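Enquirer: What follows is the file query04.cif, containing mmCIF, C-alpha atoms:
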```cif
data_final
#
loop_
_atom_site.label_atom_id
_atom_site.label_comp_id
_atom_site.auth_asym_id
_atom_site.auth_seq_id
_atom_site.Cartn_x
_atom_site.Cartn_y
_atom_site.Cartn_z
CA MET P 643 113.80 74.98 83.66
CA ALA P 644 112.07 78.32 84.26
CA ARG P 645 108.92 78.17 86.32
CA PRO P 646 105.69 79.47 84.73
CA THR P 647 103.32 81.86 86.49
CA PRO P 648 99.58 81.05 86.65
CA LEU P 649 99.16 83.41 83.66
CA ARG P 650 101.53 81.65 81.25
CA ASP P 651 98.78 80.51 78.84
CA VAL P 652 97.37 84.04 78.78
CA HIS P 653 100.77 85.50 77.89
CA GLU P 654 101.29 82.96 75.12
CA SER P 655 97.83 83.67 73.68
CA LEU P 656 98.75 87.37 73.56
CA GLY P 657 101.94 86.61 71.63
CA ALA P 658 104.29 87.61 74.43
CA THR P 659 108.03 87.08 74.16
CA LEU P 660 108.79 85.01 77.24
CA THR P 661 112.13 84.98 79.04
CA ASP P 662 113.76 83.36 82.05
CA PHE P 663 113.89 85.97 84.81
CA ALA P 664 115.15 84.89 88.24
CA GLY P 665 114.05 81.33 87.48
CA TRP P 666 110.57 82.35 86.30
CA LEU P 667 109.18 82.32 82.77
CA MET P 668 108.04 85.91 82.41
CA PRO P 669 106.67 88.11 79.60
CA LEU P 670 109.43 90.40 78.34
CA ARG P 671 107.17 92.24 75.91
CA TYR P 672 103.93 91.67 74.02
CA GLY P 673 104.75 93.88 71.05
CA SER P 674 106.44 97.27 71.12
CA GLU P 675 108.32 98.05 74.35
CA SER P 676 107.98 101.79 73.76
CA ALA P 677 104.22 101.46 73.17
CA GLU P 678 103.85 99.57 76.44
CA HIS P 679 105.94 102.19 78.21
CA ARG P 680 103.89 105.07 76.80
CA ALA P 681 100.62 103.32 77.68
CA VAL P 682 101.67 103.22 81.36
CA ARG P 683 102.69 106.89 81.30
CA GLU P 684 99.55 108.06 79.46
CA ALA P 685 96.81 105.53 80.33
CA ALA P 686 97.57 102.20 82.01
CA GLY P 687 99.47 98.95 81.71
CA LEU P 688 98.67 95.51 83.11
CA PHE P 689 101.57 93.55 84.60
CA ASP P 690 102.03 89.98 85.79
CA LEU P 691 104.28 90.15 88.87
CA SER P 692 103.57 86.67 90.18
CA HIS P 693 107.31 85.98 90.46
CA MET P 694 107.54 88.18 93.57
CA GLY P 695 107.72 86.51 96.97
CA GLU P 696 105.14 86.85 99.78
CA ILE P 697 106.40 85.92 103.24
CA TYR P 698 104.03 86.13 106.21
CA VAL P 699 105.32 86.99 109.67
CA THR P 700 102.73 86.39 112.38
CA GLY P 701 102.45 86.19 116.14
CA PRO P 702 102.56 88.38 119.26
CA GLN P 703 106.13 89.57 118.52
CA ALA P 704 105.92 89.74 114.73
CA GLY P 705 106.55 93.48 114.74
CA GLU P 706 109.49 93.20 117.13
CA LEU P 707 111.04 90.46 114.98
CA LEU P 708 110.80 92.64 111.87
CA ASP P 709 112.29 95.61 113.75
CA TYR P 710 115.29 93.40 114.59
CA ALA P 711 115.55 91.63 111.23
CA LEU P 712 115.11 94.67 108.94
CA VAL P 713 116.39 98.24 108.97
CA GLY P 714 112.93 99.83 109.25
CA HIS P 715 110.64 100.47 112.22
CA LEU P 716 107.91 98.06 111.17
CA SER P 717 106.20 97.67 114.54
CA ALA P 718 105.20 101.34 114.19
CA LEU P 719 103.07 100.57 111.11
CA VAL P 720 99.33 100.64 111.66
CA PRO P 721 97.27 97.86 110.06
CA GLY P 722 96.53 98.69 106.45
CA ARG P 723 99.77 100.58 105.80
CA ALA P 724 102.98 99.52 104.05
CA ARG P 725 106.61 100.60 104.15
CA TYR P 726 109.62 100.30 101.86
CA THR P 727 112.57 98.81 103.75
CA MET P 728 115.63 96.58 103.40
CA ILE P 729 117.23 93.51 104.88
CA VAL P 730 120.99 93.84 105.35
CA ASN P 731 123.79 91.59 106.54
CA ALA P 732 125.90 92.20 109.64
CA GLU P 733 128.23 94.41 107.58
CA GLY P 734 125.32 96.60 106.43
CA GLY P 735 125.30 95.26 102.87
CA VAL P 736 121.87 95.14 101.24
CA LEU P 737 120.54 91.59 100.83
CA ASP P 738 117.23 92.75 99.34
CA ASP P 739 114.85 95.69 99.26
CA LEU P 740 111.34 94.91 100.44
CA ILE P 741 107.83 96.21 100.95
CA VAL P 742 106.25 95.23 104.26
CA TYR P 743 102.47 95.40 104.73
CA ARG P 744 100.88 95.27 108.16
CA LEU P 745 97.68 93.32 107.61
CA ALA P 746 96.59 93.04 111.26
CA ASP P 747 98.00 93.57 114.75
CA GLN P 748 99.88 90.27 114.63
CA GLU P 749 100.17 89.75 110.87
CA PHE P 750 102.64 91.22 108.37
CA MET P 751 103.38 90.37 104.74
CA VAL P 752 106.92 90.87 103.47
CA VAL P 753 107.17 91.19 99.67
CA ALA P 754 110.61 90.24 98.38
CA ASN P 755 112.22 90.23 94.94
CA ALA P 756 111.92 87.08 92.85
CA SER P 757 115.65 86.35 92.90
CA ASN P 758 115.88 86.70 96.67
CA TYR P 759 112.66 85.60 98.35
CA LEU P 760 113.90 82.14 99.37
CA MET P 761 116.97 83.74 100.97
CA VAL P 762 114.83 86.41 102.65
CA ALA P 763 112.52 83.76 104.14
CA GLU P 764 115.53 81.79 105.36
CA GLN P 765 117.10 84.90 106.92
CA LEU P 766 113.84 85.85 108.65
CA ARG P 767 113.52 82.35 110.09
CA HIS P 768 117.13 82.47 111.27
CA ARG P 769 116.63 85.89 112.88
CA ALA P 770 113.35 84.82 114.52
CA GLY P 771 115.11 82.94 117.32
CA GLY P 772 113.93 84.26 120.68
CA PHE P 773 110.85 86.00 119.25
CA ASP P 774 107.29 84.73 119.64
CA ALA P 775 106.64 84.89 115.91
CA ASP P 776 106.30 82.56 112.94
CA VAL P 777 107.71 82.99 109.42
CA ASP P 778 105.74 81.34 106.60
CA ASP P 779 106.74 81.62 102.93
CA ARG P 780 103.41 81.65 101.06
CA SER P 781 104.83 82.72 97.69
CA ASP P 782 103.52 79.60 95.95
CA ALA P 783 99.94 80.44 96.95
CA TYR P 784 99.64 83.89 95.37
CA ALA P 785 99.59 85.58 92.01
CA LEU P 786 100.30 89.29 91.79
CA ILE P 787 98.76 91.49 89.09
CA ALA P 788 99.45 95.22 88.82
CA VAL P 789 97.47 97.98 87.13
CA GLN P 790 99.76 100.99 86.69
CA GLY P 791 99.13 104.37 85.10
CA PRO P 792 97.08 107.56 85.44
CA ARG P 793 93.83 105.75 84.51
CA ALA P 794 94.42 102.86 86.94
CA GLN P 795 91.86 103.97 89.54
CA GLU P 796 89.13 104.51 86.94
CA ILE P 797 89.74 101.06 85.49
CA LEU P 798 89.88 99.18 88.77
CA ALA P 799 86.85 101.02 90.20
CA GLN P 800 84.65 99.26 87.64
CA LEU P 801 85.45 95.88 89.20
CA THR P 802 85.39 96.58 92.94
CA ASP P 803 83.42 98.48 95.55
CA ALA P 804 86.55 98.94 97.68
CA ASP P 805 87.30 102.55 98.60
CA LEU P 806 90.07 103.14 96.07
CA ALA P 807 89.84 106.93 96.31
CA GLY P 808 90.45 106.74 100.06
CA LEU P 809 93.36 104.31 99.75
CA LYS P 810 96.60 106.17 100.40
CA TYR P 811 99.93 105.56 98.68
CA TYR P 812 101.73 102.65 100.40
CA ALA P 813 98.54 101.29 101.91
CA GLY P 814 96.47 98.19 101.32
CA LEU P 815 93.03 96.85 102.08
CA PRO P 816 91.22 93.55 101.58
CA GLY P 817 88.53 93.62 98.93
CA THR P 818 86.80 91.77 96.12
CA VAL P 819 87.90 92.51 92.56
CA ALA P 820 85.85 90.93 89.76
CA GLY P 821 84.61 88.35 92.27
CA ALA P 822 88.09 87.42 93.50
CA GLU P 823 89.25 88.02 97.06
CA ALA P 824 92.30 90.25 96.94
CA LEU P 825 94.65 92.41 98.91
CA ILE P 826 94.46 95.71 97.04
CA ALA P 827 97.67 97.71 97.51
CA ARG P 828 98.40 101.21 96.21
CA THR P 829 102.03 100.61 95.39
CA GLY P 830 104.09 100.14 92.26
CA TYR P 831 107.42 100.27 90.48
CA THR P 832 106.72 102.55 87.54
CA GLY P 833 106.63 106.09 88.91
CA GLU P 834 102.88 106.23 88.22
CA ASP P 835 99.80 105.82 90.36
CA GLY P 836 98.55 102.28 90.42
CA PHE P 837 97.48 99.20 92.31
CA GLU P 838 98.90 95.76 92.98
CA LEU P 839 96.44 92.92 93.49
CA PHE P 840 97.47 89.87 95.51
CA VAL P 841 95.11 87.00 94.66
CA ARG P 842 94.98 83.22 94.83
CA ASN P 843 96.60 81.47 91.87
CA ALA P 844 93.27 79.97 90.84
CA ASP P 845 91.74 83.44 90.43
CA ALA P 846 94.55 84.97 88.37
CA VAL P 847 93.40 84.16 84.82
CA ALA P 848 89.78 85.29 85.29
CA LEU P 849 90.90 88.47 87.05
CA TRP P 850 93.42 89.31 84.29
CA GLN P 851 90.74 88.86 81.64
CA GLU P 852 88.23 91.05 83.50
CA LEU P 853 90.86 93.75 84.00
CA MET P 854 91.72 93.68 80.30
CA LYS P 855 88.05 94.11 79.38
CA ALA P 856 87.61 96.97 81.83
CA GLY P 857 90.83 98.68 80.76
CA GLU P 858 90.59 98.43 76.99
CA PRO P 859 88.34 101.51 76.54
CA TYR P 860 90.89 103.52 78.57
CA GLY P 861 93.85 102.47 76.46
CA MET P 862 95.26 99.89 78.89
CA ILE P 863 97.45 97.19 77.33
CA PRO P 864 99.47 94.31 78.78
CA ALA P 865 103.02 95.33 79.68
CA GLY P 866 106.14 93.21 80.11
CA LEU P 867 109.38 93.27 82.07
CA SER P 868 111.21 95.31 79.44
CA CYS P 869 109.04 98.39 79.80
CA ARG P 870 108.84 97.85 83.56
CA ASP P 871 112.61 98.34 83.58
CA THR P 872 112.56 101.56 81.56
CA LEU P 873 109.67 102.90 83.66
CA ARG P 874 111.46 102.27 86.96
CA LEU P 875 114.71 103.66 85.51
CA GLU P 876 113.01 106.94 84.52
CA ALA P 877 111.53 107.08 88.04
CA GLY P 878 114.99 106.56 89.59
CA MET P 879 113.92 103.38 91.38
CA PRO P 880 116.69 100.90 92.26
CA LEU P 881 116.86 97.34 90.95
CA TYR P 882 118.42 94.69 93.14
CA GLY P 883 121.56 93.37 91.47
CA ASN P 884 122.14 96.72 89.76
CA GLU P 885 121.81 99.68 92.15
CA LEU P 886 121.59 97.47 95.26
CA SER P 887 123.76 94.53 96.33
CA ALA P 888 125.46 93.00 99.36
CA ASP P 889 128.53 95.12 98.50
CA LEU P 890 126.53 98.33 98.93
CA THR P 891 124.85 99.85 101.98
CA PRO P 892 121.59 101.82 101.97
CA PHE P 893 123.72 104.95 102.40
CA ASP P 894 125.70 104.21 99.22
CA ALA P 895 122.40 104.09 97.32
CA GLY P 896 121.23 107.41 98.79
CA LEU P 897 118.58 105.54 100.78
CA GLY P 898 119.93 106.02 104.28
CA ARG P 899 116.54 107.45 105.23
CA VAL P 900 115.06 103.93 105.36
CA VAL P 901 117.43 102.99 108.20
CA LYS P 902 115.66 103.80 111.47
CA PHE P 903 118.22 104.13 114.25
CA ASP P 904 115.65 105.57 116.68
CA LYS P 905 113.56 102.40 116.91
CA PRO P 906 113.79 100.42 120.14
CA GLY P 907 116.43 97.72 120.52
CA ASP P 908 119.16 96.40 118.27
CA PHE P 909 118.85 95.35 114.64
CA VAL P 910 121.01 93.36 112.27
CA GLY P 911 123.58 95.65 110.68
CA LYS P 912 123.12 98.52 113.14
CA ALA P 913 126.72 98.55 114.39
CA ALA P 914 128.09 98.64 110.85
CA LEU P 915 125.64 101.27 109.60
CA GLU P 916 125.77 103.68 112.55
CA PRO P 917 129.17 105.20 111.65
CA LEU P 918 127.85 105.95 108.16
CA ARG P 919 125.07 108.21 109.41
CA GLU P 920 127.17 111.36 109.42
CA SER P 921 129.93 110.42 106.97
CA GLU P 922 129.79 111.13 103.27
CA PRO P 923 129.83 107.94 101.18
CA LYS P 924 132.79 107.42 98.86
CA ARG P 925 130.40 107.10 95.94
CA ARG P 926 126.93 108.33 95.13
CA LEU P 927 124.16 107.24 92.82
CA VAL P 928 123.50 109.78 90.05
CA GLY P 929 121.55 110.16 86.84
CA LEU P 930 123.20 110.46 83.43
CA VAL P 931 121.57 111.70 80.23
CA ALA P 932 123.44 110.96 77.01
CA GLN P 933 124.24 113.87 74.73
CA GLY P 934 124.34 111.48 71.77
CA ARG P 935 122.36 108.41 70.75
CA ARG P 936 124.55 105.58 72.08
CA ILE P 937 123.16 103.76 75.12
CA PRO P 938 125.14 103.36 78.34
CA ARG P 939 124.62 99.87 79.75
CA HIS P 940 125.14 98.09 83.06
CA GLY P 941 128.85 97.71 83.87
CA PHE P 942 130.16 100.37 81.46
CA PRO P 943 132.87 102.63 83.00
CA VAL P 944 132.13 106.28 83.77
CA VAL P 945 135.14 108.50 83.08
CA ALA P 946 136.18 112.09 83.79
CA GLY P 947 139.44 113.68 82.73
CA GLY P 948 140.67 110.39 81.38
CA GLN P 949 140.15 108.60 84.71
CA VAL P 950 137.54 106.01 85.61
CA VAL P 951 135.34 107.61 88.30
CA GLY P 952 132.38 105.24 88.38
CA GLU P 953 130.28 102.58 86.75
CA VAL P 954 126.87 102.44 85.09
CA THR P 955 124.35 100.34 87.03
CA SER P 956 121.35 100.62 84.67
CA GLY P 957 120.92 102.20 81.26
CA ALA P 958 118.33 102.26 78.49
CA PRO P 959 116.64 104.52 75.94
CA SER P 960 114.08 106.73 77.69
CA PRO P 961 110.82 106.85 75.71
CA THR P 962 109.65 109.82 77.81
CA LEU P 963 112.82 111.92 77.46
CA GLY P 964 113.67 110.70 73.96
CA LYS P 965 117.30 110.19 74.98
CA PRO P 966 119.41 107.37 76.46
CA ILE P 967 119.62 107.59 80.26
CA ALA P 968 121.49 105.74 82.97
CA MET P 969 121.99 105.48 86.68
CA ALA P 970 125.59 105.16 87.84
CA TYR P 971 127.71 105.16 90.95
CA VAL P 972 130.38 107.87 90.71
CA ASP P 973 133.03 109.05 93.14
CA THR P 974 131.76 111.65 95.58
CA GLY P 975 132.98 115.09 94.56
CA VAL P 976 132.69 114.47 90.83
CA THR P 977 130.36 117.17 89.49
CA GLY P 978 130.61 117.12 85.72
CA GLY P 979 132.66 116.53 82.63
CA LEU P 980 131.49 112.93 82.54
CA ALA P 981 131.48 110.40 79.75
CA VAL P 982 130.67 106.72 79.52
CA ASP P 983 133.12 104.41 77.79
CA ILE P 984 130.93 102.57 75.31
CA ARG P 985 133.12 99.95 73.67
CA GLY P 986 136.14 102.22 73.44
CA SER P 987 134.27 105.42 72.56
CA GLN P 988 133.86 108.03 75.29
CA GLU P 989 130.29 109.30 74.96
CA PRO P 990 129.59 112.59 76.81
CA MET P 991 126.91 112.61 79.49
CA ASP P 992 125.01 115.29 81.39
CA LEU P 993 124.90 114.74 85.15
CA VAL P 994 121.38 115.14 86.55
CA GLU P 995 119.61 114.61 89.84
CA LEU P 996 117.36 111.59 90.16
CA PRO P 997 114.64 110.86 89.23
CA PHE P 998 114.58 111.58 85.52
CA TYR P 999 110.78 111.63 85.54
CA ARG P 1000 108.23 112.66 88.15
CA ARG P 1001 104.51 112.30 87.51
CA ASN P 1002 102.06 115.17 87.88
CA LYS P 1003 99.96 114.41 90.97
#
```
Let me see whether you can do it: turn the structure in this file into structure tokens.
Expert:
Amino acid sequence: MARPTPLRDVHESLGATLTDFAGWLMPLRYGSESAEHRAVREAAGLFDLSHMGEIYVTGPQAGELLDYALVGHLSALVPGRARYTMIVNAEGGVLDDLIVYRLADQEFMVVANASNYLMVAEQLRHRAGGFDADVDDRSDAYALIAVQGPRAQEILAQLTDADLAGLKYYAGLPGTVAGAEALIARTGYTGEDGFELFVRNADAVALWQELMKAGEPYGMIPAGLSCRDTLRLEAGMPLYGNELSADLTPFDAGLGRVVKFDKPGDFVGKAALEPLRESEPKRRLVGLVAQGRRIPRHGFPVVAGGQVVGEVTSGAPSPTLGKPIAMAYVDTGVTGGLAVDIRGSQEPMDLVELPFYRRNK
């Protein structure tokens, strides 16, 4: 049975369509997916992300453990900053993509995807042998609420005296929001400016309600997983299980930049990834824009000249572009003349660079 978040009753009262996502009962949509999508692009959307995992790594060698366990150079983070990184297996395959926050000199928080956080915690504990550091999965203790969109700062500023204007992208600071103690992070998964608020479960409902009140005059509405997926797709952001998997390396996904070979010491996957630094991957992740109206979906073949040259990883209608779009892995060297086989019909596609959408800063 799917596990509810602390906000389940709120979602039901708002008429949300709930769905099982990675073992959690999550709001898919509250009404119109396209209206929720446009609200995030034009004003703001409010998301329940309490299914994400929060794993604390603490102790004198917490940074050194994360340097060894993950592909990034996390010990170089200063307190208050965050970094996008990955955990890979010995063969270099991606086990999950993560955001790591350094909260203090000896305290880090690793945020993992809902489907993977138990595995990530287990891997971190396994890799902690020999390091003076502790790994503590605190996912059950926290709710996560996100305010995303161009009006996000104006909305949140009404409920906190934290220095939001001074908070950089991929940074976080402790603060009080509507009376609740929170970690306020300037991160997100929509391609827009916004904030993610880590709070105790007991504070989630009251905080959500205060945010809704503050955001309503600005056009903020609750937003579900469905529009979150189209937002991240337009922004060219990968989804674990689609663009990322244990069969793919960071270099396959065009994210080799997150692998830091110049950090001190060894790290899991280094030997497998090092030869890929200078070599061109056999496949690359690209953007496709449909010339027609049919929607390319996950798993559909990409063809060129009658031959299968790739596979769609994510696809959906783009409310911003007004056309169906997709991300796909295609053979390196393929430059055009592409189509997606949609149930026996080869639908022509334009090959474009990612992302499809980039906000005006």
Enquirer: Closest to Glu989 of chain P among P:Ala822, P:Leu740, P:Ile937, P:Ala681, using only C-alpha atoms?
Expert: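 So, comparing all the options, the nearest one is P:Ile937.
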Enquirer: How close does each residue of segment 676-726 of chain P get to segment 912-920 of chain P, giving the shortest atom pair and distance in Å to one decimal for every residue with an atom at most 12 Å away, counting all atoms listed in the file, sorted by chain and residue number, as a tab-separated table?
Expert:
```
residue	atom	partner	partner_atom	distance
P:Asp709	CA	P:Lys912	CA	11.2
P:Tyr710	CA	P:Lys912	CA	9.5
P:Ala711	CA	P:Lys912	CA	10.4
P:Leu712	CA	P:Lys912	CA	9.8
P:Val713	CA	P:Lys912	CA	7.9
P:Gly714	CA	P:Lys912	CA	11.0
```
Enquirer: Within 10 Å of segment 704-708 of chain P, which residues of segment 745-811 of chain P show up? Give each one with its shortest atom-to-atom distance in Å (one decimal) and the two atoms involved, counting only C-alpha atoms, rows by chain then rising residue number, as CSV.
Expert:
```
residue,atom,partner,partner_atom,distance
P:Asp747,CA,P:Gly705,CA,8.6
P:Gln748,CA,P:Ala704,CA,6.1
P:Glu749,CA,P:Ala704,CA,6.9
P:Phe750,CA,P:Ala704,CA,7.3
P:Val752,CA,P:Leu708,CA,9.4
P:Leu766,CA,P:Leu708,CA,8.1
P:Arg767,CA,P:Leu707,CA,9.8
P:Arg769,CA,P:Leu707,CA,7.5
P:Ala770,CA,P:Leu707,CA,6.1
P:Gly771,CA,P:Leu707,CA,8.9
P:Gly772,CA,P:Leu707,CA,8.9
P:Phe773,CA,P:Leu707,CA,6.2
P:Asp774,CA,P:Ala704,CA,7.1
P:Ala775,CA,P:Ala704,CA,5.0
P:Asp776,CA,P:Ala704,CA,7.4
P:Val777,CA,P:Ala704,CA,8.8
```
Enquirer: Kindly extract all protein, DNA and RNA residues lying within 9 Å of the coordinates (124.1, 100.4, 103.5) given in the file, considering all atoms listed in the file, and supply them as a list in words.
Expert: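 Residues close enough to count: Val730, Glu733, Gly734, Gly735, Val736, Ala888, Asp889, Leu890, Thr891, Pro892, Phe893, Asp894, Ala895, Gly896, Leu897, Gly898, Val901, Gly911, Ala914, Leu915 and Leu918 of chain P.
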Enquirer: Could you list the residues chosen by the PyMOL selection byres ((chain P and resi 867) around 10) in this structure as an mmCIF file with C-alpha atoms, in the frame of the given file?
Expert:
```cif
data_model
loop_
_atom_site.group_PDB
_atom_site.id
_atom_site.type_symbol
_atom_site.label_atom_id
_atom_site.label_comp_id
_atom_site.auth_asym_id
_atom_site.auth_seq_id
_atom_site.Cartn_x
_atom_site.Cartn_y
_atom_site.Cartn_z
ATOM 1 C CA LEU P 660 108.790 85.010 77.240
ATOM 2 C CA THR P 661 112.130 84.980 79.040
ATOM 3 C CA PHE P 663 113.890 85.970 84.810
ATOM 4 C CA MET P 668 108.040 85.910 82.410
ATOM 5 C CA PRO P 669 106.670 88.110 79.600
ATOM 6 C CA LEU P 670 109.430 90.400 78.340
ATOM 7 C CA ARG P 671 107.170 92.240 75.910
ATOM 8 C CA TYR P 672 103.930 91.670 74.020
ATOM 9 C CA GLU P 675 108.320 98.050 74.350
ATOM 10 C CA PHE P 689 101.570 93.550 84.600
ATOM 11 C CA ASP P 690 102.030 89.980 85.790
ATOM 12 C CA LEU P 691 104.280 90.150 88.870
ATOM 13 C CA ALA P 865 103.020 95.330 79.680
ATOM 14 C CA GLY P 866 106.140 93.210 80.110
ATOM 15 C CA SER P 868 111.210 95.310 79.440
ATOM 16 C CA CYS P 869 109.040 98.390 79.800
ATOM 17 C CA ARG P 870 108.840 97.850 83.560
ATOM 18 C CA ASP P 871 112.610 98.340 83.580
ATOM 19 C CA THR P 872 112.560 101.560 81.560
ATOM 20 C CA LEU P 873 109.670 102.900 83.660
#
```
Enquirer: Pull out every residue that the PyMOL selection byres ((chain P and resi 837) around 12) matches in the shown coordinates and put them as a ChimeraX atom specification.
Expert: /P:686-689,691,786-799,806-807,809-815,819,824-836,838-840,853
Enquirer: Figure out the distance between atom CA of Pro961 of chain P and atom CA of Pro997 of chain P, please, to one decimal in Å.
Expert: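 Straight-line distance from atom CA of Pro997 of chain P to atom CA of Pro961 of chain P works out to 14.6 Å.
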Enquirer: To test your reading of the syntax: which residues would the PyMOL selection byres ((chain P and resi 985) around 12) return for the file shown? Reply as an MDAnalysis selection string.
Expert: chainID P and resid 936:939 941:944 982:984 986:989
Enquirer: Which residue is closest to Asn758 of chain P? Choose from P:Val900, P:Ala664, P:Leu930, P:Val972 and count all atoms listed in the file.
Expert: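 Of P:Val900, P:Ala664, P:Leu930, P:Val972, the one nearest Asn758 of chain P, counting all atoms listed in the file, is P:Ala664.
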Enquirer: Nearest residue to Tyr698 of chain P out of P:Met643, P:Ile741, P:Val951, P:Leu667, using only C-alpha atoms?
Expert: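 Selected residue with least distance to Tyr698 of chain P: P:Ile741.
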Enquirer: Identify which of the residues P:Glu885, P:Asp803, P:Asp651, P:Asp779 lies closest to Trp850 of chain P, counting only C-alpha atoms when measuring atom-to-atom distances.
Expert: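 Of the candidates, the smallest distance to Trp850 of chain P is held by P:Asp651.
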Enquirer: Report the distance between atom CA of Gln703 of chain P and atom CA of Pro816 of chain P in Å, rounded to one decimal place.
Expert: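 Computed distance, atom CA of Gln703 of chain P to atom CA of Pro816 of chain P, equals 22.9 Å.
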Enquirer: As an exercise, work out the distance from atom CA of Ala820 of chain P to atom CA of Thr802 of chain P in Å and give it to one decimal place.
Expert: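 A separation of 6.5 Å between them.
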Enquirer: For each of P:Gly883, P:Leu963, P:Ile697, P:Leu996, take the minimum atom-to-atom distance to Glu764 of chain P, counting only C-alpha atoms, then give the residue where this is smallest.
Expert: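 Smallest separation from Glu764 of chain P among the options: P:Ile697.
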